[in-house]
$ cat work.tsv   # TSV, C-alpha atoms and all ligand atoms
chain	number	residue	atom	x	y	z
A	1	MET	CA	127.11	80.41	112.32
A	2	LEU	CA	125.40	83.75	111.80
A	3	PRO	CA	121.75	83.80	112.93
A	4	PHE	CA	118.92	84.24	110.43
A	5	PHE	CA	117.03	86.45	112.90
A	6	SER	CA	118.59	88.22	115.85
A	7	PRO	CA	116.46	90.53	118.00
A	8	LYS	CA	117.99	93.90	118.74
A	9	ILE	CA	117.37	94.60	122.40
A	10	SER	CA	118.27	97.90	124.01
A	11	ASN	CA	120.99	97.85	126.70
A	12	ASP	CA	119.01	100.45	128.60
A	13	THR	CA	116.80	98.43	130.93
A	14	SER	CA	116.06	101.31	133.31
A	15	LEU	CA	112.39	101.65	132.31
A	16	ILE	CA	111.79	97.91	132.62
A	17	ASN	CA	113.40	97.94	136.07
A	18	LYS	CA	111.21	100.90	137.01
A	19	VAL	CA	108.08	99.00	136.01
A	20	LEU	CA	109.15	95.90	137.93
A	21	LYS	CA	109.97	97.96	141.01
A	22	SER	CA	106.60	99.71	140.81
A	23	LYS	CA	104.93	96.26	140.82
A	24	PHE	CA	102.41	97.68	138.33
A	25	VAL	CA	103.18	95.17	135.60
A	26	SER	CA	99.75	94.94	133.97
A	27	GLU	CA	98.41	97.37	131.34
A	28	GLY	CA	98.81	100.94	132.54
A	29	LYS	CA	100.61	104.24	132.12
A	30	ILE	CA	103.64	102.74	130.32
A	31	THR	CA	101.36	101.07	127.79
A	32	GLU	CA	99.75	104.48	127.22
A	33	LYS	CA	103.18	106.10	126.84
A	34	PHE	CA	104.21	103.45	124.30
A	35	GLU	CA	101.06	104.22	122.29
A	36	LYS	CA	101.80	107.94	122.45
A	37	GLU	CA	105.37	107.45	121.21
A	38	LEU	CA	104.22	105.08	118.45
A	39	LYS	CA	101.70	107.69	117.29
A	40	LYS	CA	104.53	110.23	117.12
A	41	PHE	CA	106.90	107.89	115.29
A	42	LEU	CA	104.31	106.78	112.74
A	43	ASN	CA	102.69	110.22	112.52
A	44	ILE	CA	99.21	108.84	113.12
A	45	LYS	CA	96.29	109.90	115.27
A	46	TYR	CA	94.75	106.61	116.39
A	47	CYS	CA	96.13	103.26	117.45
A	48	ALA	CA	95.87	100.61	120.13
A	49	THR	CA	98.52	98.20	121.33
A	50	VAL	CA	97.65	94.52	121.81
A	51	ASN	CA	99.52	91.40	122.91
A	52	SER	CA	100.43	90.12	119.40
A	53	GLY	CA	100.23	90.79	115.69
A	54	THR	CA	97.74	87.93	115.41
A	55	SER	CA	95.44	89.59	117.97
A	56	ALA	CA	95.82	92.84	116.02
A	57	ILE	CA	94.54	91.17	112.83
A	58	HIS	CA	91.71	89.50	114.74
A	59	LEU	CA	90.50	92.80	116.21
A	60	ALA	CA	90.96	94.63	112.90
A	61	LEU	CA	88.64	92.07	111.28
A	62	ILE	CA	86.04	92.54	114.02
A	63	ALA	CA	86.35	96.32	113.72
A	64	SER	CA	85.82	95.87	109.95
A	65	ASN	CA	82.50	94.20	110.85
A	66	VAL	CA	83.51	90.86	109.34
A	67	LYS	CA	81.04	88.23	110.53
A	68	ARG	CA	80.51	84.48	110.26
A	69	GLY	CA	80.03	83.47	106.61
A	70	ASP	CA	81.63	86.63	105.17
A	71	GLU	CA	84.62	86.44	102.84
A	72	VAL	CA	88.06	87.93	103.38
A	73	ILE	CA	90.64	88.06	100.60
A	74	VAL	CA	94.18	87.25	101.74
A	75	PRO	CA	97.35	86.14	99.94
A	76	ALA	CA	98.47	82.52	100.42
A	77	GLN	CA	102.10	83.68	100.42
A	78	THR	CA	102.32	84.68	104.06
A	79	PHE	CA	102.62	83.38	107.61
A	80	ILE	CA	99.66	81.42	109.00
A	81	ALA	CA	98.80	84.30	111.37
A	82	SER	CA	97.55	86.50	108.51
A	83	ALA	CA	94.60	84.17	107.92
A	84	LEU	CA	93.99	82.35	111.23
A	85	PRO	CA	91.84	85.18	112.64
A	86	ILE	CA	89.50	84.85	109.62
A	87	ILE	CA	88.79	81.31	110.82
A	88	TYR	CA	88.38	82.49	114.46
A	89	ILE	CA	85.45	84.58	113.25
A	90	GLY	CA	83.94	81.81	111.15
A	91	ALA	CA	84.52	83.80	107.96
A	92	LYS	CA	85.98	82.32	104.78
A	93	PRO	CA	89.53	83.04	103.58
A	94	VAL	CA	89.67	83.60	99.83
A	95	PHE	CA	93.26	83.03	98.84
A	96	ALA	CA	94.72	85.43	96.31
A	97	ASP	CA	97.63	84.97	93.95
A	98	ILE	CA	100.76	87.07	94.16
A	99	ASP	CA	102.87	89.15	91.86
A	100	SER	CA	105.84	86.81	91.46
A	101	SER	CA	108.17	89.75	90.90
A	102	THR	CA	107.63	90.93	94.51
A	103	GLY	CA	105.94	88.17	96.54
A	104	ASN	CA	103.08	90.54	97.43
A	105	ILE	CA	99.39	90.11	96.63
A	106	SER	CA	98.71	90.84	92.98
A	107	SER	CA	96.50	93.91	92.70
A	108	LYS	CA	95.39	92.71	89.25
A	109	GLY	CA	93.95	89.45	90.56
A	110	ILE	CA	91.86	90.94	93.38
A	111	LYS	CA	88.90	92.17	91.30
A	112	LYS	CA	87.78	88.73	90.19
A	113	LEU	CA	87.80	87.46	93.81
A	114	ILE	CA	85.34	90.08	95.05
A	115	THR	CA	81.78	88.87	95.70
A	116	LYS	CA	78.81	90.29	97.60
A	117	LYS	CA	80.16	88.54	100.69
A	118	THR	CA	83.61	90.18	100.60
A	119	LYS	CA	83.99	92.38	103.66
A	120	ALA	CA	87.73	92.84	103.97
A	121	LEU	CA	91.00	92.50	102.16
A	122	ILE	CA	94.18	91.64	104.05
A	123	VAL	CA	97.33	92.69	102.25
A	124	VAL	CA	100.72	91.53	103.50
A	125	HIS	CA	103.88	93.59	102.98
A	126	TRP	CA	105.92	90.47	102.40
A	127	GLY	CA	109.43	90.66	103.88
A	128	GLY	CA	108.89	94.39	104.44
A	129	TYR	CA	108.16	95.49	100.85
A	130	PRO	CA	104.98	97.63	100.80
A	131	CYS	CA	102.17	96.41	98.51
A	132	ASP	CA	100.76	98.42	95.58
A	133	LEU	CA	98.36	100.25	97.88
A	134	ASP	CA	97.03	102.75	95.31
A	135	GLU	CA	96.16	100.03	92.79
A	136	ILE	CA	94.61	97.90	95.54
A	137	LYS	CA	92.50	100.82	96.75
A	138	LYS	CA	91.25	101.38	93.19
A	139	THR	CA	90.02	97.79	92.85
A	140	ILE	CA	87.70	98.15	95.85
A	141	ARG	CA	86.60	101.75	95.23
A	142	GLY	CA	82.87	102.25	95.87
A	143	LYS	CA	82.54	98.90	97.60
A	144	ASN	CA	82.02	98.38	101.30
A	145	ILE	CA	85.30	96.51	101.74
A	146	LYS	CA	87.91	97.41	104.35
A	147	ILE	CA	91.64	97.19	103.73
A	148	ILE	CA	93.69	95.65	106.54
A	149	GLU	CA	97.44	95.89	106.07
A	150	ASP	CA	99.38	93.07	107.69
A	151	ALA	CA	102.56	95.05	108.28
A	152	ALA	CA	104.20	92.52	110.63
A	153	HIS	CA	107.37	92.75	108.49
A	154	CYS	CA	107.16	96.42	107.68
A	155	PHE	CA	107.51	98.59	110.78
A	156	GLY	CA	108.96	101.92	109.64
A	157	GLY	CA	108.13	101.31	105.97
A	158	LYS	CA	106.76	103.98	103.63
A	159	TYR	CA	104.57	103.98	100.55
A	160	LYS	CA	104.95	107.06	98.34
A	161	ASN	CA	106.33	109.03	101.30
A	162	LYS	CA	103.46	108.07	103.59
A	163	ASN	CA	104.20	105.99	106.65
A	164	ILE	CA	102.86	102.46	106.67
A	165	GLY	CA	100.28	102.69	109.43
A	166	SER	CA	98.86	106.00	108.20
A	167	ILE	CA	97.25	104.87	104.96
A	168	SER	CA	94.52	102.21	105.18
A	169	ASP	CA	91.46	101.57	107.37
A	170	PHE	CA	93.56	99.34	109.61
A	171	THR	CA	97.25	98.47	109.78
A	172	CYS	CA	98.54	95.69	112.02
A	173	PHE	CA	102.10	95.47	113.30
A	174	SER	CA	103.78	92.68	115.24
A	175	PHE	CA	106.26	93.30	118.06
A	176	GLN	CA	107.11	89.60	118.36
A	177	ALA	CA	110.69	88.72	119.39
A	178	THR	CA	112.30	88.70	115.93
A	179	LYS	CA	110.59	91.78	114.47
A	180	HIS	CA	112.30	95.15	113.84
A	181	LEU	CA	110.66	96.54	116.97
A	182	THR	CA	110.05	94.04	119.73
A	183	SER	CA	108.28	94.14	123.06
A	184	GLY	CA	108.89	90.39	123.58
A	185	ASP	CA	105.47	89.74	122.15
A	186	GLY	CA	103.05	92.44	121.20
A	187	GLY	CA	101.21	94.14	118.40
A	188	LEU	CA	99.63	97.36	117.23
A	189	ILE	CA	96.50	98.29	115.30
A	190	CYS	CA	96.57	101.66	113.60
A	191	CYS	CA	93.24	103.06	112.47
A	192	LYS	CA	91.82	106.14	110.81
A	193	LYS	CA	88.90	106.86	113.13
A	194	LYS	CA	88.73	107.75	116.81
A	195	SER	CA	85.62	105.57	117.13
A	196	ASP	CA	87.60	102.54	115.87
A	197	GLU	CA	90.38	103.18	118.40
A	198	LYS	CA	87.75	103.32	121.16
A	199	ARG	CA	86.06	100.15	119.96
A	200	ILE	CA	89.35	98.24	119.68
A	201	LYS	CA	90.40	99.32	123.19
A	202	LYS	CA	87.17	97.84	124.50
A	203	LEU	CA	87.60	94.65	122.49
A	204	ARG	CA	91.14	94.12	123.75
A	205	TRP	CA	90.08	94.11	127.41
A	206	PHE	CA	87.06	91.81	127.88
A	207	GLY	CA	84.72	94.33	126.26
A	208	PHE	CA	84.98	96.76	129.18
A	209	ASP	CA	85.26	100.49	128.64
A	210	ARG	CA	88.07	101.28	131.06
A	211	ASN	CA	87.21	104.97	131.02
A	212	LEU	CA	83.78	104.44	132.52
A	213	LYS	CA	83.67	105.27	136.19
A	214	LYS	CA	82.95	102.65	138.85
A	215	ASP	CA	80.00	102.91	141.24
A	216	ASN	CA	80.47	104.10	144.83
A	217	LYS	CA	81.31	100.55	145.96
A	218	GLY	CA	84.06	100.28	143.33
A	219	ALA	CA	82.14	97.95	141.02
A	220	ARG	CA	82.20	98.48	137.26
A	221	ILE	CA	79.05	100.03	135.87
A	222	ASP	CA	79.79	98.94	132.29
A	223	ARG	CA	77.16	96.39	131.22
A	224	VAL	CA	79.57	94.89	128.61
A	225	SER	CA	77.62	94.79	125.39
A	226	VAL	CA	80.42	93.54	123.12
A	227	LEU	CA	82.22	90.22	123.18
A	228	GLY	CA	85.73	91.16	124.24
A	229	TYR	CA	89.08	89.39	124.50
A	230	LYS	CA	92.12	89.50	126.75
A	231	TYR	CA	94.53	90.97	124.26
A	232	GLN	CA	95.99	93.99	126.05
A	233	LEU	CA	99.72	94.80	126.18
A	234	ASN	CA	101.12	95.02	129.70
A	235	ASN	CA	103.38	97.68	131.19
A	236	TYR	CA	106.61	95.68	131.19
A	237	SER	CA	106.25	94.62	127.54
A	238	ALA	CA	105.51	98.25	126.72
A	239	ALA	CA	108.64	99.28	128.66
A	240	LEU	CA	110.74	96.94	126.51
A	241	GLY	CA	109.03	98.28	123.39
A	242	LEU	CA	109.69	101.88	124.43
A	243	SER	CA	113.37	101.17	125.15
A	244	ASN	CA	113.78	99.51	121.75
A	245	LEU	CA	111.84	102.26	119.96
A	246	LYS	CA	114.62	104.70	120.93
A	247	ASN	CA	117.06	102.83	118.68
A	248	ILE	CA	114.70	101.92	115.89
A	249	LYS	CA	115.89	104.50	113.34
A	250	SER	CA	119.45	103.19	113.27
A	251	LEU	CA	118.22	99.58	113.12
A	252	LEU	CA	115.92	100.40	110.20
A	253	ASN	CA	118.78	102.19	108.42
A	254	HIS	CA	120.85	99.04	108.82
A	255	HIS	CA	118.11	96.86	107.33
A	256	VAL	CA	117.72	99.22	104.35
A	257	LYS	CA	121.50	99.42	103.81
A	258	ILE	CA	121.96	95.63	103.91
A	259	GLY	CA	118.90	94.96	101.75
A	260	ASN	CA	120.08	97.39	99.08
A	261	TYR	CA	123.59	95.91	99.22
A	262	TYR	CA	122.26	92.41	98.57
A	263	SER	CA	120.41	93.74	95.50
A	264	LYS	CA	123.51	95.52	94.20
A	265	LYS	CA	125.81	92.54	94.70
A	266	LEU	CA	123.51	89.71	93.64
A	267	LYS	CA	121.90	91.30	90.59
A	268	ASN	CA	124.47	89.95	88.11
A	269	ILE	CA	124.55	86.40	89.42
A	270	PRO	CA	123.07	84.43	86.50
A	271	PHE	CA	121.09	81.83	88.49
A	272	LEU	CA	119.59	84.33	90.97
A	273	LYS	CA	116.66	86.64	90.36
A	274	ILE	CA	116.41	89.90	92.26
A	275	LEU	CA	112.83	90.99	92.92
A	276	ASN	CA	111.38	94.13	91.38
A	277	PHE	CA	111.49	96.54	94.31
A	278	LYS	CA	110.19	99.95	93.17
A	279	LYS	CA	111.91	103.11	94.38
A	280	ASN	CA	108.66	104.88	95.37
A	281	ARG	CA	108.40	103.04	98.69
A	282	LEU	CA	110.62	102.27	101.65
A	283	HIS	CA	111.29	98.54	101.93
A	284	THR	CA	112.22	97.61	105.50
A	285	TYR	CA	113.85	94.28	104.55
A	286	TRP	CA	112.85	92.14	107.52
A	287	PHE	CA	114.66	89.53	105.47
A	288	TYR	CA	115.97	89.57	101.92
A	289	GLN	CA	113.68	87.66	99.58
A	290	LEU	CA	114.98	86.50	96.23
A	291	LEU	CA	114.50	83.68	93.72
A	292	ALA	CA	117.00	81.01	92.70
A	293	ASP	CA	116.60	79.11	89.41
A	294	ASP	CA	118.36	76.12	90.90
A	295	ARG	CA	117.60	76.44	94.61
A	296	SER	CA	119.31	73.21	95.64
A	297	LYS	CA	122.54	74.35	94.01
A	298	PHE	CA	122.29	77.74	95.73
A	299	ILE	CA	121.64	76.11	99.12
A	300	LYS	CA	124.69	73.89	98.64
A	301	ILE	CA	126.82	76.97	98.00
A	302	LEU	CA	125.38	78.72	101.08
A	303	ASN	CA	125.99	75.66	103.25
A	304	GLU	CA	129.62	75.47	102.16
A	305	ILE	CA	130.30	78.76	103.94
A	306	ASP	CA	127.67	78.34	106.69
A	307	PHE	CA	125.64	81.25	105.36
A	308	PRO	CA	122.12	81.21	106.86
A	309	TYR	CA	119.02	81.11	104.68
A	310	SER	CA	115.34	80.31	105.01
A	311	ILE	CA	112.52	79.12	102.79
A	312	VAL	CA	109.72	80.25	105.10
A	313	ASP	CA	106.92	80.70	104.73
A	314	LYS	CA	105.42	77.97	102.62
A	315	ARG	CA	102.06	78.82	101.02
A	316	ILE	CA	99.60	78.61	103.87
A	317	ASP	CA	96.70	77.07	101.94
A	318	ASN	CA	98.58	73.76	102.23
A	319	TYR	CA	97.85	73.64	105.96
A	320	GLN	CA	95.06	71.22	106.83
A	321	ILE	CA	92.85	73.94	108.33
A	322	PHE	CA	92.88	75.93	105.09
A	323	LYS	CA	92.97	73.09	102.58
A	324	LYS	CA	89.32	73.29	101.61
A	325	TYR	CA	89.91	76.87	100.46
A	326	LYS	CA	92.95	75.99	98.32
A	327	LYS	CA	92.88	76.66	94.61
A	328	LYS	CA	95.28	77.08	91.72
A	329	LEU	CA	97.49	80.13	92.11
A	330	PRO	CA	99.88	80.01	89.14
A	331	SER	CA	102.26	82.86	90.06
A	332	LEU	CA	102.59	81.59	93.62
A	333	GLU	CA	103.36	78.11	92.29
A	334	GLN	CA	106.31	79.54	90.34
A	335	PHE	CA	107.45	81.63	93.32
A	336	GLU	CA	107.26	78.61	95.66
A	337	LYS	CA	109.70	76.62	93.57
A	338	LYS	CA	112.39	79.27	93.57
A	339	LYS	CA	111.98	81.40	96.68
A	340	ILE	CA	114.71	81.67	99.27
A	341	SER	CA	115.53	84.36	101.78
A	342	LEU	CA	118.75	85.67	103.27
A	343	PRO	CA	119.25	87.38	106.66
A	344	VAL	CA	119.35	91.13	107.20
A	345	ASN	CA	119.59	91.35	110.99
A	346	TYR	CA	122.00	93.71	112.77
A	347	LYS	CA	124.74	91.06	112.92
A	348	ILE	CA	124.95	90.93	109.11
A	349	SER	CA	127.46	93.32	107.57
A	350	LYS	CA	128.50	94.21	104.04
A	351	LYS	CA	131.62	92.07	104.65
A	352	HIS	CA	129.46	88.95	105.09
A	353	ILE	CA	127.72	89.69	101.80
A	354	ASP	CA	131.06	90.29	100.03
A	355	LYS	CA	132.26	86.91	101.30
A	356	LEU	CA	129.09	85.24	100.03
A	357	VAL	CA	129.34	86.89	96.62
A	358	GLY	CA	133.05	86.01	96.38
A	359	HIS	CA	132.21	82.38	97.09
A	360	ILE	CA	129.37	82.30	94.54
A	361	LYS	CA	131.68	83.79	91.88
A	362	LYS	CA	134.39	81.23	92.68
A	363	LYS	CA	131.82	78.45	92.15
A	364	ILE	CA	130.74	80.00	88.84
A	365	ARG	CA	134.40	80.13	87.70
A	366	GLN	CA	134.81	76.49	88.67
A	367	ASN	CA	131.61	75.81	86.72
A	368	VAL	CA	130.03	73.96	89.67
B	401	LIG	C1	103.08	88.13	108.03
B	401	LIG	C2	102.81	87.96	109.49
B	401	LIG	N1	101.63	88.35	109.97
B	401	LIG	C3	101.31	88.20	111.28
B	401	LIG	C4	102.22	87.69	112.17
B	401	LIG	C5	101.79	87.49	113.59
B	401	LIG	O1	102.50	88.22	114.50
B	401	LIG	P1	102.59	87.70	116.03
B	401	LIG	O2	103.59	86.61	116.08
B	401	LIG	O3	103.01	88.94	116.77
B	401	LIG	O4	101.24	87.26	116.44
B	401	LIG	C6	103.49	87.30	111.71
B	401	LIG	C7	104.48	86.73	112.65
B	401	LIG	O5	105.61	86.48	112.33
B	401	LIG	C8	103.79	87.41	110.34
B	401	LIG	O6	104.97	87.01	109.85
$ encode --input "work.tsv" --output "structure tokens" --more "lines below"
Ligand SMILES: Cc1ncc(COP(=O)(O)O)c(C=O)c1O
Amino acid sequence: MLPFFSPKISNDTSLINKVLKSKFVSEGKITEKFEKELKKFLNIKYCATVNSGTSAIHLALIASNVKRGDEVIVPAQTFIASALPIIYIGAKPVFADIDSSTGNISSKGIKKLITKKTKALIVVHWGGYPCDLDEIKKTIRGKNIKIIEDAAHCFGGKYKNKNIGSISDFTCFSFQATKHLTSGDGGLICCKKKSDEKRIKKLRWFGFDRNLKKDNKGARIDRVSVLGYKYQLNNYSAALGLSNLKNIKSLLNHHVKIGNYYSKKLKNIPFLKILNFKKNRLHTYWFYQLLADDRSKFIKILNEIDFPYSIVDKRIDNYQIFKKYKKKLPSLEQFEKKKISLPVNYKISKKHIDKLVGHIKKKIRQNV
């Protein structure tokens, strides 16, 4: 059976071997090189790698000055990692409804969720489709609220010709095993200010400023005034990330090609609903999200030809740890009933989609 996710790993392992041979496997020059190349690829000035996308969101919240008791708006249609770091801090997640025609946070619903305690807004580019960033920006204009983009699904995406990563206060990427770009595990925080990059680099390594010199006995002189974490990305993960980054353009092209092909081929199937993906942004299709009026019937058809699918992720406010923050989210309720996603990984070709569509049409003819 075809896989739903399949990581694309470079055959060129020379840099990884070099790191292993050097025995310098912790954070170092290769991590720095990875950051430099990521800055070039994303056309950004400031960023810091970390050991996961979850750590990236955690540090972005701290860098946004979110404190215990503050509120952070976040969609409930996402993976648990978008909101867990809010709880780490002792802040309160305020779950937002989505636009059911895209699966992304609804920019219209945000305004009424803002209170004096709101310090940040996490927006998730669900499945790789960039959110309505201009409209979202407008809703918080003049308020001291930071925008954090959770772009775990959207590496290489664009919004109105601007790279995702270059737009908001903070953008967090994940380099976890199944993502477009993987370093095994890993993550990236992109930011707009040099001071934020500096602060995040301290936070990711126990609170130490690594650039500060040591005293003449080799001891650190940094007095460590911030509570730091052990979130840095090591050299061998960075080596894997760098090797995979070399092939990222062709992989992204594949995802875009397959995503667009699904839309073209499935748009006239009466019981399926294609989402409303606008042309003014580059959707990176980490998976292909769509809606099925009769999901059980669709799943039966998929199973007949062993075509993979997924219904992840279920709304996260159902998890016990978030339950006290749960409220009615009407558009998400509708989306939940019908959502289903199809694979876009590099093993999926147009031929697989043609076979699927042929099978669906046969079933329609047979009136099943
Ligand atoms: C939407 C979203 N945000 C954040 C993350 C967390 O990334 P990581 O697994 O690198 O911590 C994921 C992971 O899949 C995700 O899907």
$ residues_near_point --input "work.tsv" --point "(101.3, 94.4, 116.0)" --cutoff "8 Å" --atoms "all atoms listed in the file" --output "ChimeraX atom specification"
/A:49-56,151-152,172-176,186-189
$ residues_around --input "work.tsv" --residues "Ala177 of chain A" --least-positions-apart "5" --cutoff "9 Å" --atoms "all atoms listed in the file" --output "list in words"
Ser6, Pro7, Lys8, Thr182, Ser183, Gly184, Asp185 and Gly186 of chain A
$ axis_aligned_box --input "work.tsv" --around "ligand LIG 401 (chain B)" --padding-each-side "6 Å" --output "lines of an AutoDock Vina configuration file"
center_x = 103.4
center_y = 87.7
center_z = 112.4
size_x = 16.4
size_y = 14.5
size_z = 20.7
$ closest_residue --input "work.tsv" --among "A:Thr115, A:Thr171, A:Ser243, A:Asn216" --to "ligand LIG 401 (chain B)" --atoms "only C-alpha atoms and all ligand atoms"
A:Thr171
$ residues_around --input "work.tsv" --residues "segment 284-289 of chain A" --least-positions-apart "2" --cutoff "7 Å" --atoms "all atoms listed in the file" --output "list in words"
Gly127, Gly128, Tyr129, His153, Cys154, Gly156, Gly157, Leu252, His255, Val256, Gly259, Leu282, Ile340, Ser341, Leu342, Pro343 and Val344 of chain A
$ closest_residue --input "work.tsv" --among "A:Val123, A:Ala239, A:Val226, A:Glu37" --to "Thr13 of chain A" --atoms "all atoms listed in the file"
A:Ala239
$ residues_around --input "work.tsv" --residues "Ser168 of chain A" --least-positions-apart "2" --cutoff "8 Å" --atoms "only C-alpha atoms" --output "list in words"
Ile147, Ile148, Glu149, Gly165, Ser166, Phe170, Thr171, Cys191 and Lys192 of chain A
$ atom_distance --input "work.tsv" --atom1 "atom CA of Leu20 of chain A" --atom2 "atom CA of Lys246 of chain A"
19.9 Å
$ residues_around --input "work.tsv" --residues "Asn235 of chain A" --least-positions-apart "3" --cutoff "10 Å" --atoms "all atoms listed in the file" --output "PyMOL selection string"
chain A and resi 15-16+19-20+23-34+232+238-241
$ atom_distance --input "work.tsv" --atom1 "atom CA of Ile311 of chain A" --atom2 "atom CA of Leu245 of chain A"
28.8 Å
$ atom_distance --input "work.tsv" --atom1 "atom C4 of ligand LIG 401 (chain B)" --atom2 "atom CA of Leu84 of chain A"
9.9 Å
$ closest_residue --input "work.tsv" --among "A:Pro93, A:Pro330, A:Pro270, A:Pro308" --to "Asn345 of chain A" --atoms "all atoms listed in the file"
A:Pro308
$ closest_residue --input "work.tsv" --among "A:Leu242, A:Val368, A:Ile258, A:Cys131" --to "Ile98 of chain A" --atoms "all atoms listed in the file"
A:Cys131
$ closest_residue --input "work.tsv" --among "A:Asp306, A:Asp196, A:Glu336, A:Asp150" --to "ligand LIG 401 (chain B)" --atoms "all atoms listed in the file"
A:Asp150
$ closest_residue --input "work.tsv" --among "A:Ile114, A:Tyr236, A:Ala81, A:Asn280" --to "ligand LIG 401 (chain B)" --atoms "only C-alpha atoms and all ligand atoms"
A:Ala81
$ build_atoms --input "work.tsv" --residues "segment 67-85 of chain A" --atoms "N, CA and C atoms" --output "mmCIF file, keeping the file's coordinate frame"
data_model
loop_
_atom_site.group_PDB
_atom_site.id
_atom_site.type_symbol
_atom_site.label_atom_id
_atom_site.label_comp_id
_atom_site.auth_asym_id
_atom_site.auth_seq_id
_atom_site.Cartn_x
_atom_site.Cartn_y
_atom_site.Cartn_z
ATOM 1 N N LYS A 67 81.834 89.161 109.711
ATOM 2 C CA LYS A 67 81.040 88.230 110.530
ATOM 3 C C LYS A 67 81.115 86.830 109.946
ATOM 4 N N ARG A 68 80.599 85.883 110.707
ATOM 5 C CA ARG A 68 80.510 84.480 110.260
ATOM 6 C C ARG A 68 79.909 84.405 108.853
ATOM 7 N N GLY A 69 80.557 83.653 107.966
ATOM 8 C CA GLY A 69 80.030 83.470 106.610
ATOM 9 C C GLY A 69 80.514 84.517 105.606
ATOM 10 N N ASP A 70 81.092 85.619 106.095
ATOM 11 C CA ASP A 70 81.630 86.630 105.170
ATOM 12 C C ASP A 70 82.926 86.124 104.536
ATOM 13 N N GLU A 71 83.359 86.829 103.504
ATOM 14 C CA GLU A 71 84.620 86.440 102.840
ATOM 15 C C GLU A 71 85.691 87.509 103.044
ATOM 16 N N VAL A 72 86.912 87.025 103.215
ATOM 17 C CA VAL A 72 88.060 87.930 103.380
ATOM 18 C C VAL A 72 89.154 87.474 102.417
ATOM 19 N N ILE A 73 89.584 88.391 101.563
ATOM 20 C CA ILE A 73 90.640 88.060 100.600
ATOM 21 C C ILE A 73 92.002 88.213 101.287
ATOM 22 N N VAL A 74 92.866 87.250 101.069
ATOM 23 C CA VAL A 74 94.180 87.250 101.740
ATOM 24 C C VAL A 74 95.165 86.482 100.841
ATOM 25 N N PRO A 75 96.415 86.915 100.755
ATOM 26 C CA PRO A 75 97.350 86.140 99.940
ATOM 27 C C PRO A 75 97.722 84.817 100.627
ATOM 28 N N ALA A 76 98.045 83.798 99.824
ATOM 29 C CA ALA A 76 98.470 82.520 100.420
ATOM 30 C C ALA A 76 99.975 82.547 100.718
ATOM 31 N N GLN A 77 100.674 83.525 100.116
ATOM 32 C CA GLN A 77 102.100 83.680 100.420
ATOM 33 C C GLN A 77 102.238 84.566 101.650
ATOM 34 N N THR A 78 102.188 83.934 102.814
ATOM 35 C CA THR A 78 102.320 84.680 104.060
ATOM 36 C C THR A 78 102.517 83.704 105.210
ATOM 37 N N PHE A 79 102.567 84.232 106.422
ATOM 38 C CA PHE A 79 102.620 83.380 107.610
ATOM 39 C C PHE A 79 101.180 83.060 108.020
ATOM 40 N N ILE A 80 100.997 81.915 108.638
ATOM 41 C CA ILE A 80 99.660 81.420 109.000
ATOM 42 C C ILE A 80 98.822 82.457 109.757
ATOM 43 N N ALA A 81 99.507 83.328 110.527
ATOM 44 C CA ALA A 81 98.800 84.300 111.370
ATOM 45 C C ALA A 81 97.993 85.329 110.583
ATOM 46 N N SER A 82 98.331 85.531 109.306
ATOM 47 C CA SER A 82 97.550 86.500 108.510
ATOM 48 C C SER A 82 96.125 86.019 108.323
ATOM 49 N N ALA A 83 95.927 84.698 108.260
ATOM 50 C CA ALA A 83 94.600 84.170 107.920
ATOM 51 C C ALA A 83 93.898 83.449 109.072
ATOM 52 N N LEU A 84 94.635 83.044 110.100
ATOM 53 C CA LEU A 84 93.990 82.350 111.230
ATOM 54 C C LEU A 84 92.803 83.122 111.807
ATOM 55 N N PRO A 85 92.960 84.444 112.022
ATOM 56 C CA PRO A 85 91.840 85.180 112.640
ATOM 57 C C PRO A 85 90.571 85.166 111.781
#
